[in-house]
>>> print(open('input-v4.cif').read())   # mmCIF, C-alpha atoms
data_coords
loop_
_atom_site.label_atom_id
_atom_site.label_comp_id
_atom_site.auth_asym_id
_atom_site.auth_seq_id
_atom_site.Cartn_x
_atom_site.Cartn_y
_atom_site.Cartn_z
CA MET A 26 2.23 -12.02 -16.56
CA LEU A 27 0.59 -9.61 -14.15
CA LEU A 28 2.95 -10.70 -11.38
CA THR A 29 5.97 -10.18 -13.63
CA ALA A 30 4.68 -6.76 -14.73
CA SER A 31 4.03 -5.76 -11.15
CA LEU A 32 7.48 -6.91 -10.07
CA ALA A 33 9.06 -5.09 -12.97
CA THR A 34 7.36 -1.90 -11.88
CA ALA A 35 8.58 -2.45 -8.33
CA GLN A 36 12.10 -3.01 -9.60
CA ARG A 37 12.11 0.12 -11.76
CA ALA A 38 10.81 2.65 -9.30
CA PRO A 39 13.41 2.87 -6.51
CA LEU A 40 14.47 6.46 -7.21
CA ALA A 41 10.87 7.68 -7.14
CA ARG A 42 10.34 5.84 -3.87
CA LEU A 43 13.40 7.51 -2.42
CA ASN A 44 11.62 10.84 -2.71
CA LYS A 45 8.74 9.48 -0.66
CA VAL A 46 10.55 7.72 2.16
CA LEU A 47 13.34 10.15 3.04
CA ASP A 48 12.95 13.47 4.83
CA ALA A 49 14.08 16.57 2.92
CA PRO A 50 17.59 17.07 4.40
CA THR A 51 18.43 13.38 4.10
CA ARG A 52 17.05 13.24 0.57
CA THR A 53 19.09 16.26 -0.51
CA ALA A 54 22.31 14.82 0.90
CA VAL A 55 21.68 11.35 -0.53
CA LEU A 56 20.75 12.65 -3.98
CA ALA A 57 23.94 14.74 -4.09
CA ILE A 58 26.03 11.62 -3.42
CA ILE A 59 24.06 9.64 -5.98
CA ASP A 60 24.52 12.36 -8.61
CA SER A 61 28.26 12.44 -8.01
CA ALA A 62 28.44 8.67 -8.33
CA ARG A 63 26.42 8.74 -11.53
CA VAL A 64 28.70 11.39 -13.03
CA ALA A 65 31.69 9.23 -12.07
CA GLY A 66 30.13 6.28 -13.88
CA LEU A 67 29.59 4.22 -10.74
CA PRO A 68 26.52 1.99 -10.33
CA ALA A 69 24.34 4.62 -8.66
CA ASP A 70 21.35 2.27 -8.28
CA VAL A 71 23.28 0.51 -5.54
CA LEU A 72 23.37 3.76 -3.57
CA VAL A 73 19.65 4.34 -4.10
CA ASN A 74 19.02 0.88 -2.69
CA LYS A 75 21.29 1.49 0.28
CA ALA A 76 19.24 4.58 1.15
CA LEU A 77 16.00 2.64 0.69
CA GLU A 78 17.35 -0.11 2.91
CA GLY A 79 18.05 2.46 5.61
CA ALA A 80 14.54 3.87 5.30
CA GLY A 81 13.04 0.35 5.31
CA LYS A 82 14.96 -0.46 8.48
CA ARG A 83 13.87 2.85 10.02
CA ALA A 84 17.40 4.21 10.40
CA ASP A 85 18.02 7.87 11.22
CA GLY A 86 18.76 10.29 8.38
CA PRO A 87 22.42 10.96 9.32
CA LEU A 88 23.06 7.22 9.53
CA ILE A 89 21.55 6.71 6.07
CA VAL A 90 23.68 9.52 4.60
CA ALA A 91 26.82 8.11 6.21
CA ALA A 92 26.10 4.62 4.90
CA VAL A 93 25.45 5.87 1.38
CA ARG A 94 28.60 8.03 1.42
CA SER A 95 30.68 5.14 2.70
CA LEU A 96 29.31 2.80 0.04
CA ALA A 97 30.03 5.36 -2.69
CA GLY A 98 33.68 5.41 -1.61
CA GLU A 99 33.81 1.62 -1.56
CA LEU A 100 32.28 1.40 -5.03
CA ARG A 101 34.97 3.77 -6.29
CA ARG A 102 37.78 1.76 -4.68
CA SER A 103 36.25 -1.46 -5.94
CA ARG A 104 36.14 -0.20 -9.51
CA ASP A 105 39.71 1.08 -9.27
CA ALA A 106 40.81 -2.33 -8.01
CA LEU A 107 38.84 -4.45 -10.46
CA GLY A 108 39.25 -2.22 -13.50
CA HIS A 109 36.95 0.26 -15.17
CA ALA A 110 35.68 -2.36 -17.63
CA SER A 111 34.17 -4.39 -14.79
CA ARG A 112 30.45 -5.06 -14.67
CA ASP A 113 28.25 -3.24 -12.19
CA ALA A 114 27.55 -6.48 -10.31
CA GLU A 115 31.28 -7.12 -9.91
CA ILE A 116 31.92 -3.57 -8.69
CA THR A 117 29.05 -3.91 -6.22
CA ALA A 118 30.29 -7.26 -4.93
CA GLY A 119 33.79 -5.77 -4.66
CA ALA A 120 32.49 -2.82 -2.65
CA HIS A 121 30.89 -5.18 -0.14
CA ALA A 122 34.14 -7.18 0.04
CA ILE A 123 36.10 -4.01 0.80
CA HIS A 124 33.49 -3.09 3.42
CA ALA A 125 34.02 -6.52 4.99
CA GLY A 126 37.77 -5.91 5.25
CA VAL A 127 39.20 -7.31 2.02
CA ALA A 128 42.09 -5.21 0.70
CA PRO A 129 41.55 -3.72 -2.77
CA THR A 130 44.87 -5.28 -3.85
CA GLU A 131 43.31 -8.71 -3.26
CA LEU A 132 40.54 -7.83 -5.68
CA THR A 133 43.10 -6.69 -8.24
CA GLN A 134 44.94 -10.01 -7.88
CA LEU A 135 41.67 -11.86 -8.35
CA ARG A 136 40.96 -9.87 -11.50
CA ARG A 137 44.42 -10.59 -12.91
CA SER A 138 44.02 -14.31 -12.34
CA ALA A 139 40.60 -14.39 -13.99
CA MET A 140 40.90 -12.24 -17.06
CA GLY A 141 37.62 -12.20 -18.95
CA ARG A 142 35.71 -14.19 -16.35
CA GLN A 143 32.86 -12.83 -14.23
CA LEU A 144 34.01 -12.40 -10.64
CA THR A 145 30.71 -11.59 -8.95
CA THR A 146 30.24 -15.02 -7.38
CA PRO A 147 33.88 -15.54 -6.26
CA ILE A 148 33.88 -12.09 -4.64
CA THR A 149 30.50 -12.76 -2.98
CA VAL A 150 31.91 -16.01 -1.55
CA LEU A 151 35.00 -14.13 -0.38
CA THR A 152 32.81 -11.60 1.46
CA ASP A 153 30.80 -14.42 3.02
CA LEU A 154 33.94 -16.12 4.32
CA VAL A 155 35.21 -12.91 5.90
CA SER A 156 31.82 -12.20 7.48
CA ARG A 157 31.88 -15.70 9.02
CA GLY A 158 35.19 -15.04 10.73
CA VAL A 159 37.75 -16.20 8.19
CA PRO A 160 40.66 -13.72 8.24
CA ALA A 161 40.53 -11.56 5.11
CA ALA A 162 44.01 -12.58 3.93
CA THR A 163 43.23 -16.30 4.37
CA ALA A 164 39.88 -15.96 2.62
CA SER A 165 41.47 -14.07 -0.27
CA THR A 166 44.18 -16.72 -0.67
CA ALA A 167 41.58 -19.50 -0.68
CA VAL A 168 39.33 -17.83 -3.25
CA LEU A 169 42.29 -16.86 -5.42
CA SER A 170 43.47 -20.47 -5.42
CA LEU A 171 40.02 -21.69 -6.41
CA GLU A 172 39.84 -19.10 -9.18
CA ARG A 173 43.24 -20.19 -10.48
CA ALA A 174 42.06 -23.80 -10.37
CA GLY A 175 39.22 -22.79 -12.69
CA LEU A 176 36.22 -23.42 -10.45
CA ARG A 177 32.86 -22.45 -11.90
CA ASP A 178 30.27 -20.37 -10.07
CA ALA A 179 28.24 -23.41 -8.98
CA GLU A 180 31.37 -24.96 -7.50
CA PHE A 181 32.16 -21.75 -5.67
CA GLY A 182 28.63 -21.97 -4.24
CA ALA A 183 29.22 -25.56 -3.10
CA TYR A 184 32.53 -24.52 -1.50
CA GLN A 185 30.82 -21.67 0.37
CA ARG A 186 28.13 -24.03 1.71
CA SER A 187 30.75 -26.55 2.89
CA VAL A 188 32.73 -23.92 4.76
CA ARG A 189 29.54 -22.49 6.28
CA GLN A 190 28.47 -25.93 7.54
CA ASP A 191 31.92 -26.60 8.97
CA ILE A 192 31.90 -23.29 10.84
CA GLU A 193 28.34 -23.87 12.10
CA ARG A 194 29.48 -27.24 13.46
CA GLY A 195 32.22 -25.49 15.41
CA ALA A 196 35.23 -25.61 13.09
CA ASP A 197 37.86 -22.90 13.15
CA PRO A 198 36.85 -20.56 10.26
CA ALA A 199 40.37 -20.22 8.82
CA ALA A 200 41.01 -23.96 8.98
CA ALA A 201 37.64 -24.72 7.37
CA ALA A 202 38.19 -22.24 4.53
CA THR A 203 41.73 -23.45 3.83
CA THR A 204 40.99 -27.16 4.04
CA ARG A 205 37.84 -26.99 1.93
CA ALA A 206 39.63 -24.84 -0.65
CA ARG A 207 42.46 -27.33 -0.93
CA GLY A 208 39.95 -30.15 -1.45
CA ALA A 209 37.95 -28.23 -4.06
CA ALA A 210 41.10 -27.25 -5.96
CA LEU A 211 42.35 -30.85 -5.92
CA ARG A 212 39.01 -32.13 -7.21
CA HIS A 213 39.24 -29.62 -10.01
CA GLY A 214 42.79 -30.58 -10.89
CA GLY A 215 44.29 -27.34 -9.62
CA GLY A 216 45.74 -28.59 -6.34
CA THR A 217 49.30 -27.63 -7.09
CA SER A 218 48.43 -23.94 -7.37
CA PHE A 219 47.06 -23.71 -3.83
CA VAL A 220 49.08 -21.53 -1.50
CA THR A 221 48.26 -21.62 2.21
CA GLY A 222 48.23 -18.65 4.51
CA ARG A 223 50.03 -15.34 4.23
CA MET B 9 29.10 16.21 -63.25
CA ARG B 10 27.92 19.12 -65.40
CA ASP B 11 30.32 22.08 -65.85
CA ILE B 12 28.95 25.44 -64.88
CA ASN B 13 30.11 28.44 -66.77
CA ASP B 14 31.95 30.86 -64.44
CA THR B 15 30.10 33.90 -65.76
CA LYS B 16 26.71 32.25 -65.16
CA LEU B 17 27.81 31.16 -61.71
CA GLU B 18 28.90 34.67 -60.80
CA ALA B 19 25.55 36.03 -62.04
CA ILE B 20 23.67 33.56 -59.84
CA VAL B 21 25.82 34.37 -56.80
CA SER B 22 25.48 38.11 -57.31
CA GLU B 23 21.68 37.72 -57.59
CA LEU B 24 21.61 35.75 -54.37
CA ARG B 25 23.71 38.36 -52.60
CA ARG B 26 21.43 41.20 -53.66
CA PRO B 27 19.38 42.42 -50.67
CA ALA B 28 15.74 41.47 -50.98
CA PRO B 29 13.55 44.56 -51.06
CA PHE B 30 10.95 44.76 -48.29
CA ASP B 31 8.28 47.39 -48.36
CA ALA B 32 7.21 49.19 -45.20
CA THR B 33 4.10 47.04 -44.80
CA PHE B 34 6.00 43.70 -44.81
CA ASP B 35 6.16 43.27 -41.01
CA ARG B 36 2.52 44.25 -40.65
CA ARG B 37 1.44 41.71 -43.28
CA VAL B 38 3.44 38.91 -41.67
CA MET B 39 1.99 39.63 -38.20
CA ARG B 40 -1.53 39.78 -39.60
CA ALA B 41 -1.05 36.37 -41.19
CA VAL B 42 0.34 34.96 -37.94
CA ARG B 43 -2.61 36.31 -35.93
CA THR B 44 -5.05 34.87 -38.43
CA VAL B 45 -3.54 31.40 -38.06
CA ALA B 46 -3.40 31.71 -34.27
CA THR B 47 -7.10 32.60 -34.00
CA ARG B 48 -8.21 29.61 -36.09
CA PRO B 49 -9.47 26.61 -34.14
CA LEU B 50 -6.77 23.97 -33.73
CA ARG B 51 -6.97 21.38 -36.47
CA LEU B 52 -5.05 18.24 -35.82
CA ILE B 53 -4.97 17.18 -39.42
CA SER B 54 -3.71 19.46 -42.12
CA PRO B 55 -6.19 20.26 -44.91
CA LEU B 56 -3.47 19.06 -47.25
CA MET B 57 -3.71 15.60 -45.69
CA PRO B 58 -7.38 14.82 -45.29
CA MET B 59 -7.92 11.92 -42.95
CA PRO B 60 -11.09 10.36 -41.55
CA ARG B 61 -11.73 11.15 -37.91
CA TRP B 62 -11.69 7.46 -36.91
CA ARG B 63 -8.11 7.23 -38.11
CA VAL B 64 -7.09 10.11 -35.89
CA TYR B 65 -8.71 8.46 -32.88
CA SER B 66 -7.09 5.12 -33.78
CA ALA B 67 -3.68 6.77 -33.92
CA PHE B 68 -4.21 8.34 -30.50
CA ALA B 69 -5.37 5.00 -29.10
CA ALA B 70 -2.29 3.24 -30.51
CA VAL B 71 0.04 5.80 -28.94
CA ALA B 72 -1.77 5.46 -25.60
CA VAL B 73 -1.52 1.67 -25.67
CA ALA B 74 2.18 1.85 -26.55
CA MET B 75 2.87 4.25 -23.68
CA LEU B 76 0.95 2.03 -21.27
CA ALA B 77 2.86 -1.02 -22.45
CA VAL B 78 6.20 0.72 -21.91
CA ALA B 79 5.04 1.74 -18.43
CA ILE B 80 3.78 -1.60 -17.19
CA LEU B 81 5.37 -4.36 -19.22
CA PRO B 82 8.61 -5.90 -17.96
CA GLY B 83 11.73 -4.03 -18.95
CA ARG B 84 14.87 -5.52 -20.47
CA HIS B 85 16.15 -6.74 -17.10
CA ALA B 86 12.81 -8.05 -15.93
CA MET B 87 12.46 -10.04 -19.15
CA ARG B 88 15.70 -11.78 -18.29
CA ALA B 89 14.71 -12.21 -14.65
CA LYS B 90 15.06 -15.71 -13.30
CA PRO B 91 12.87 -17.44 -10.77
CA VAL B 92 14.52 -17.64 -7.38
CA GLN B 93 13.14 -19.57 -4.43
CA PHE B 94 13.53 -18.11 -0.96
CA VAL B 95 12.99 -20.41 2.03
CA LEU B 96 12.96 -19.67 5.73
CA VAL B 97 12.12 -22.03 8.56
CA ALA B 98 10.28 -19.97 11.16
CA PRO B 99 7.72 -22.08 13.06
CA GLN B 100 6.57 -19.22 15.30
CA ALA B 101 6.19 -16.62 12.56
CA LYS B 102 2.86 -15.14 11.57
CA THR B 103 4.13 -13.37 8.46
CA VAL B 104 7.37 -13.57 6.46
CA GLN B 105 8.32 -11.04 3.79
CA VAL B 106 11.30 -11.18 1.44
CA VAL B 107 12.69 -7.65 1.34
CA GLY B 108 15.69 -6.53 -0.66
CA ASP B 109 17.04 -4.29 -3.35
CA PHE B 110 14.95 -6.11 -5.97
CA ASN B 111 11.79 -4.67 -4.42
CA GLY B 112 13.18 -1.34 -3.23
CA TRP B 113 13.37 -2.60 0.38
CA ASP B 114 9.63 -2.10 0.56
CA PRO B 115 7.96 -4.63 2.88
CA SER B 116 4.51 -3.71 1.61
CA HIS B 117 4.87 -5.62 -1.67
CA ALA B 118 2.29 -8.38 -1.50
CA GLU B 119 4.14 -10.23 -4.28
CA PHE B 120 7.03 -10.81 -1.90
CA ALA B 121 5.03 -12.27 0.97
CA ALA B 122 6.22 -15.81 1.63
CA GLU B 123 3.62 -18.53 2.11
CA ASN B 124 3.49 -20.91 5.01
CA ARG B 125 3.94 -24.36 3.45
CA GLY B 126 3.36 -26.13 6.73
CA GLY B 127 5.66 -27.23 9.50
CA GLY B 128 7.04 -23.74 9.86
CA VAL B 129 8.50 -23.71 6.34
CA TRP B 130 7.91 -20.40 4.56
CA SER B 131 8.74 -20.04 0.92
CA LEU B 132 8.40 -17.70 -2.02
CA THR B 133 9.47 -17.95 -5.64
CA ALA B 134 9.89 -14.66 -7.49
CA PRO B 135 11.57 -13.54 -10.71
CA ILE B 136 14.76 -11.65 -9.88
CA PRO B 137 16.80 -9.72 -12.46
CA PRO B 138 20.45 -10.61 -13.06
CA GLY B 139 23.03 -8.99 -10.83
CA HIS B 140 24.29 -8.88 -7.29
CA HIS B 141 21.47 -8.46 -4.79
CA ARG B 142 21.14 -7.98 -1.05
CA TYR B 143 18.08 -9.04 0.88
CA GLY B 144 16.70 -10.37 4.11
CA PHE B 145 13.56 -11.83 5.62
CA LEU B 146 11.26 -9.61 7.64
CA VAL B 147 9.43 -11.74 10.19
CA ASP B 148 6.20 -10.44 11.72
CA ASP B 149 6.97 -6.94 10.39
CA SER B 150 9.62 -6.43 13.04
CA LEU B 151 12.47 -8.95 13.01
CA TRP B 152 15.10 -8.90 10.23
CA VAL B 153 16.62 -12.29 9.58
CA PRO B 154 19.34 -13.13 7.03
CA ASP B 155 18.80 -16.12 4.75
CA PRO B 156 20.59 -18.94 6.58
CA ALA B 157 21.25 -20.73 3.27
CA ALA B 158 22.75 -17.75 1.43
CA PRO B 159 26.11 -16.00 1.55
CA ARG B 160 26.28 -13.17 4.04
CA VAL B 161 27.03 -9.54 3.29
CA ALA B 162 29.09 -7.76 5.89
CA ASP B 163 27.20 -4.49 5.54
CA GLU B 164 25.29 -4.13 8.75
CA ASP B 165 25.18 -0.36 8.45
CA PHE B 166 21.70 -0.31 9.93
CA GLY B 167 22.28 -2.98 12.55
CA LYS B 168 20.44 -5.69 10.62
CA PRO B 169 22.32 -8.36 8.68
CA ASN B 170 21.75 -9.04 4.97
CA SER B 171 22.24 -11.94 2.62
CA ALA B 172 23.68 -11.91 -0.88
CA LEU B 173 22.19 -13.31 -4.05
CA VAL B 174 23.91 -13.49 -7.41
CA VAL B 175 21.63 -14.04 -10.40
CA GLU B 176 23.67 -14.94 -13.44
CA ASP B 177 23.22 -12.98 -16.62
CA THR B 178 22.95 -16.02 -18.86
CA PRO B 179 20.20 -16.97 -21.35
#
>>> encode(input="input-v4.cif", output="C-alpha cells")
Amino acid sequence: MLLTASLATAQRAPLARLNKVLDAPTRTAVLAIIDSARVAGLPADVLVNKALEGAGKRADGPLIVAAVRSLAGELRRSRDALGHASRDAEITAGAHAIHAGVAPTELTQLRRSAMGRQLTTPITVLTDLVSRGVPAATASTAVLSLERAGLRDAEFGAYQRSVRQDIERGADPAAAATTRARGAALRHGGGTSFVTGR
Amino acid sequence: MRDINDTKLEAIVSELRRPAPFDATFDRRVMRAVRTVATRPLRLISPLMPMPRWRVYSAFAAVAVAMLAVAILPGRHAMRAKPVQFVLVAPQAKTVQVVGDFNGWDPSHAEFAAENRGGGVWSLTAPIPPGHHRYGFLVDDSLWVPDPAAPRVADEDFGKPNSALVVEDTP
C-alpha cells in the first residue's frame, strides 16, 4: 500500500519536478512549448517527461528545448495521421514512429485498417523494427499485414521478439521482418492479405 | 395556475418600481453595522446553528484526513496500474535503477532500485499505469542501458537509447 502510494506520488509530480531540475531559461522555453501543446489538446505529459529525461541524462538546456520542440511537432503530426479521436498512448507511440522515420501516411493506413482497435502495440512494434534496421516502408508493410490479419497485441509482441532474435543472430533485418510477418499472418489465417515490399 | 387580476398586477408592479426612500443617515447606519460585525471575534459557528465544539474539531479533522488521502493515495491511473517485471543481466554492476517516464526520470527513487537476485540477474517488479512508456536501466549511476528484452524507441535525443513499454488499459 505504502509502495503504491509512494509510486503514485512519483507518477503525479513530474511537472513540479520540472521546475526543480531545469534552469530558468530552459524551463521558460519548455513550459511555453508544453502550454501550446496543452492548448492544442496534445498529450502534454509526454513533453514534460521528455524534458525530465533530458535533465536526468544531464543534457544541455538548448538540447532539451530542441528535443521537446521536435517531439511536440511529432505529436501533432501523429495525431493528424491517426485521427483526433486517438488515445494519448497511440498518439505518443505514433510520434516515436514518425521520429524513427515512419511516414505519417503509413500511420493513417494502419488506422484505416484497424478501425476501433487500439494501435499502441502495433505502432510500438513498428518503431522497434525500424530502430533495428528494418527499412521503414518494409516495416510498415509487415505491421499493416499483421494488423489486417487480425493479430492481437500479445501476438505482435511475439512477432517483435522473433524478429529481434533473428536480427541478433545475424539475419538481414528486412528479410527477418518480412519472413516472420508472413509466418505470423499465415498462422492467424490472414496469409493471403500479406503484401511484400514496396 | 391562478389568474391574477390585471389591475392588481399593475398595482404590485408600480409599487415595486417606486424608488425606496433612504434617509441621509442610511449609509452611516450600514457602515456602523458593518464595522460592528468586523470588530467581533471570528466565530466559526453561527449563533443560529449552535454546535458543540467537539463537532467543529471533528469536521476539521475529517477535512484534513480527506485532503491527505487525496494527496497520498493512488490516483485513478495508479489504481489501475499493473505490476511489471524489469530484468537486466549485469554481472559486473553494483547498482541498477529502472528509470523512465513512470518515475519522472528520477534515478533517486528507492522504489525503482532493482535487486541483485544472484548470478548477475537484477530484477524489479513495480506497478506501472496504463499507457505507452519509455524507460531504461541506469547501471552504477552512470551507464544507460536499454532493456534488451523490450522494444526499442528510436528517440536518442540525449545520446542514450530507451526502451518502450505498453501497459494495456484493461481490467
>>> resolve_selection(input="input-v4.cif", expression="the PyMOL selection byres ((chain B) within 9 of (chain A))", output="PyMOL selection string")
chain B and resi 79-83+85-87+107-115+117+119+134-141+152+157-163+165-168+171-174+176
>>> atom_distance(input="input-v4.cif", atom1="atom CA of B:Pro99", atom2="atom CA of B:Gly144")
17.3 Å
>>> atom_distance(input="input-v4.cif", atom1="atom CA of A:Thr163", atom2="atom CA of A:Leu176")
17.9 Å
>>> residues_around(input="input-v4.cif", residues="A:Ala69", least_positions_apart="5", cutoff="7 Å", atoms="only C-alpha atoms", output="PyMOL selection string")
chain A and resi 59+62-63
>>> atom_distance(input="input-v4.cif", atom1="atom CA of B:Trp130", atom2="atom CA of B:Gln105")
9.4 Å
>>> closest_residue(input="input-v4.cif", among="A:Ala196, A:Leu132, A:Val90, A:Val159", to="A:Leu47", atoms="all atoms listed in the file")
A:Val90
>>> residues_around(input="input-v4.cif", residues="A:Ala206", least_positions_apart="5", cutoff="8 Å", atoms="all atoms listed in the file", output="PyMOL selection string")
chain A and resi 167-168+170-171+184
>>> write_last_selection(input="input-v4.cif", atoms="C-alpha atoms", output="PDB file, in the coordinates of the input")
ATOM      1  CA  ALA A 167      41.580 -19.500  -0.680  1.00  0.00           C
ATOM      2  CA  VAL A 168      39.330 -17.830  -3.250  1.00  0.00           C
ATOM      3  CA  SER A 170      43.470 -20.470  -5.420  1.00  0.00           C
ATOM      4  CA  LEU A 171      40.020 -21.690  -6.410  1.00  0.00           C
ATOM      5  CA  TYR A 184      32.530 -24.520  -1.500  1.00  0.00           C
TER       6      TYR A 184
END
>>> residues_around(input="input-v4.cif", residues="A:Arg101", least_positions_apart="4", cutoff="8 Å", atoms="all atoms listed in the file", output="PyMOL selection string")
chain A and resi 67+97+105+120
